[in-house]
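Step one of this worksheet: look at the structure below.
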Amino acid sequence: MSIRQSFRSPASGQNNLIQVMRLSSSNEGTGEFQNFGRRPHVWMPIEKGELAPLNKPCTLAIRPEHVVLKQAADGLANTLPAAVREINFAGATSTVKLDAGGLSLEALVLQPNNFSVGSQCAATLPAERISLLKE
């Protein structure tokens, strides 16, 4: 079973899709999600009516250009340790493919100078850039 898929459509571009389960109470203004037993959890601001049922699978999406790569973790929420699997240069930008503890992610960066295949980094998924997809 694939944990992450990437999809492309003319209207939406490309997204990282992350299969998760909701862990938080519906009374909280922040949704807490877990990627099927993996750590760390992912948090995002959410409206009460948008929450998926507790302990039911749902999908989060984040565009590759919103994934922030750094050489080391900085303590920000939603920061995952990751290994660089592949770098694809495409003119002004490069796509960096990552393995974040079994979760495959793609990040779009302007200059991948600080990264090389096999290097370790930290990938931050900014909470305000994550979308909960309706099932």
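Naming scheme: A, B, ... for chains in displayed order of the structure tokens; residues 1 onward per chain; ligands 1 onward as shown.
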For segment 41-66 of chain A against segment 76-80 of chain A, with a cut-off of 8 Å and counting only C-alpha atoms, what is the closest atom pair and its distance in Å to one decimal for every residue that makes the cut, ordered by chain and number, as CSV?
```
residue,atom,partner,partner_atom,distance
A:His41,CA,A:Asn78,CA,7.0
A:Val42,CA,A:Asn78,CA,5.3
A:Trp43,CA,A:Asn78,CA,6.6
```
Could those selected residues go to a file with all heavy atoms, as a short mmCIF file (atom, residue, chain, number, x, y, z; two decimals), in the first residue's frame?
```cif
data_model
loop_
_atom_site.label_atom_id
_atom_site.label_comp_id
_atom_site.auth_asym_id
_atom_site.auth_seq_id
_atom_site.Cartn_x
_atom_site.Cartn_y
_atom_site.Cartn_z
N HIS A 41 3.55 13.55 14.56
CA HIS A 41 2.19 13.85 14.10
C HIS A 41 2.21 15.14 13.31
O HIS A 41 3.14 15.93 13.40
CB HIS A 41 1.26 13.99 15.29
CG HIS A 41 1.13 12.73 16.07
ND1 HIS A 41 0.36 12.62 17.18
CD2 HIS A 41 1.67 11.50 15.90
CE1 HIS A 41 0.43 11.40 17.67
NE2 HIS A 41 1.23 10.70 16.90
N VAL A 42 1.16 15.37 12.54
CA VAL A 42 1.02 16.59 11.75
C VAL A 42 -0.14 17.39 12.32
O VAL A 42 -1.21 16.83 12.58
CB VAL A 42 0.76 16.26 10.26
CG1 VAL A 42 0.50 17.53 9.47
CG2 VAL A 42 1.93 15.49 9.68
N TRP A 43 0.07 18.68 12.55
CA TRP A 43 -0.97 19.57 13.06
C TRP A 43 -1.31 20.60 12.01
O TRP A 43 -0.43 21.04 11.27
CB TRP A 43 -0.51 20.29 14.32
CG TRP A 43 -0.48 19.42 15.54
CD1 TRP A 43 -1.49 19.24 16.43
CD2 TRP A 43 0.60 18.63 16.00
NE1 TRP A 43 -1.09 18.37 17.41
CE2 TRP A 43 0.19 17.98 17.18
CE3 TRP A 43 1.89 18.38 15.54
CZ2 TRP A 43 1.00 17.12 17.90
CZ3 TRP A 43 2.70 17.52 16.25
CH2 TRP A 43 2.25 16.91 17.42
#
```
Item to complete: Please identify all polymer residues within 9 Å of Ala83 of chain A, counting only C-alpha atoms, omitting same-chain residues fewer than 2 positions from it, and present them as a PyMOL selection string.
Response: chain A and resi 81+85+97-101+117-122
Saved selection, atoms kept: all heavy atoms, as a tab-separated table (two decimals), in the first residue's frame:
```tsv
chain	number	residue	atom	x	y	z
A	81	PRO	N	12.40	14.54	9.97
A	81	PRO	CA	13.74	14.22	9.47
A	81	PRO	C	13.58	13.45	8.16
A	81	PRO	O	12.67	12.62	8.02
A	81	PRO	CB	14.33	13.34	10.57
A	81	PRO	CG	13.17	12.82	11.34
A	81	PRO	CD	12.05	13.80	11.16
A	85	ARG	N	16.48	11.42	-1.66
A	85	ARG	CA	16.56	10.24	-2.54
A	85	ARG	C	16.95	10.60	-3.95
A	85	ARG	O	17.58	9.81	-4.64
A	85	ARG	CB	15.21	9.52	-2.60
A	85	ARG	CG	14.80	8.80	-1.34
A	85	ARG	CD	13.51	8.09	-1.56
A	85	ARG	NE	12.69	8.90	-2.47
A	85	ARG	CZ	11.58	8.52	-3.05
A	85	ARG	NH1	11.11	7.34	-2.84
A	85	ARG	NH2	10.91	9.31	-3.84
A	97	LYS	N	13.26	14.80	-4.12
A	97	LYS	CA	12.43	13.69	-3.61
A	97	LYS	C	13.04	13.21	-2.31
A	97	LYS	O	14.26	13.00	-2.21
A	97	LYS	CB	12.35	12.58	-4.64
A	97	LYS	CG	11.61	13.03	-5.89
A	97	LYS	CD	11.40	11.91	-6.87
A	97	LYS	CE	10.63	12.44	-8.08
A	97	LYS	NZ	10.29	11.37	-9.01
A	98	LEU	N	12.17	13.04	-1.32
A	98	LEU	CA	12.60	12.74	0.04
A	98	LEU	C	11.97	11.46	0.58
A	98	LEU	O	10.85	11.10	0.19
A	98	LEU	CB	12.19	13.88	0.97
A	98	LEU	CG	12.64	15.28	0.58
A	98	LEU	CD1	11.82	16.33	1.32
A	98	LEU	CD2	14.11	15.44	0.88
A	99	ASP	N	12.68	10.84	1.51
A	99	ASP	CA	12.12	9.75	2.30
A	99	ASP	C	12.14	10.23	3.74
A	99	ASP	O	13.20	10.38	4.35
A	99	ASP	CB	12.96	8.49	2.16
A	99	ASP	CG	12.45	7.33	3.02
A	99	ASP	OD1	11.46	7.51	3.75
A	99	ASP	OD2	13.05	6.24	2.95
A	100	ALA	N	10.95	10.50	4.27
A	100	ALA	CA	10.82	11.00	5.65
A	100	ALA	C	10.31	9.86	6.51
A	100	ALA	O	9.12	9.78	6.84
A	100	ALA	CB	9.88	12.19	5.69
A	101	GLY	N	11.17	8.92	6.84
A	101	GLY	CA	10.79	7.79	7.67
A	101	GLY	C	9.74	6.90	7.03
A	101	GLY	O	8.82	6.45	7.69
A	117	VAL	N	22.13	13.75	-3.05
A	117	VAL	CA	21.47	12.46	-2.88
A	117	VAL	C	22.14	11.71	-1.73
A	117	VAL	O	23.37	11.64	-1.65
A	117	VAL	CB	21.53	11.64	-4.19
A	117	VAL	CG1	20.99	10.24	-3.97
A	117	VAL	CG2	20.76	12.35	-5.29
A	118	GLY	N	21.32	11.22	-0.82
A	118	GLY	CA	21.82	10.51	0.35
A	118	GLY	C	21.99	11.38	1.59
A	118	GLY	O	22.14	10.87	2.69
A	119	SER	N	21.97	12.70	1.42
A	119	SER	CA	22.16	13.58	2.58
A	119	SER	C	20.90	13.64	3.43
A	119	SER	O	19.79	13.38	2.97
A	119	SER	CB	22.57	14.99	2.14
A	119	SER	OG	21.52	15.63	1.43
A	120	GLN	N	21.10	13.96	4.70
A	120	GLN	CA	20.00	14.10	5.65
A	120	GLN	C	19.57	15.56	5.70
A	120	GLN	O	20.39	16.46	5.55
A	120	GLN	CB	20.43	13.63	7.04
A	120	GLN	CG	20.80	12.17	7.11
A	120	GLN	CD	19.63	11.26	6.81
A	120	GLN	OE1	18.56	11.39	7.38
A	120	GLN	NE2	19.81	10.33	5.88
A	121	CYS	N	18.28	15.78	5.93
A	121	CYS	CA	17.77	17.14	6.03
A	121	CYS	C	16.52	17.12	6.91
A	121	CYS	O	16.16	16.09	7.46
A	121	CYS	CB	17.46	17.71	4.64
A	121	CYS	SG	16.16	16.84	3.75
A	122	ALA	N	15.88	18.26	7.00
A	122	ALA	CA	14.61	18.38	7.72
A	122	ALA	C	13.60	19.00	6.78
A	122	ALA	O	13.89	19.99	6.12
A	122	ALA	CB	14.79	19.24	8.97
```
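In this structure, atom CA of Arg129 of chain A sits 22.0 Å away from atom CA of Lys56 of chain A.
Residue nearest Leu60 of chain A within the list A:Leu110, A:Ser116, A:Gly31, A:Thr93: A:Gly31 [criterion: smallest interatomic distance, only C-alpha atoms].
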Worksheet entry | Counting only C-alpha atoms, the option among A:Gln71, A:Ser131, A:Thr95, A:Gln34 closest to Gln111 of chain A | A:Thr95
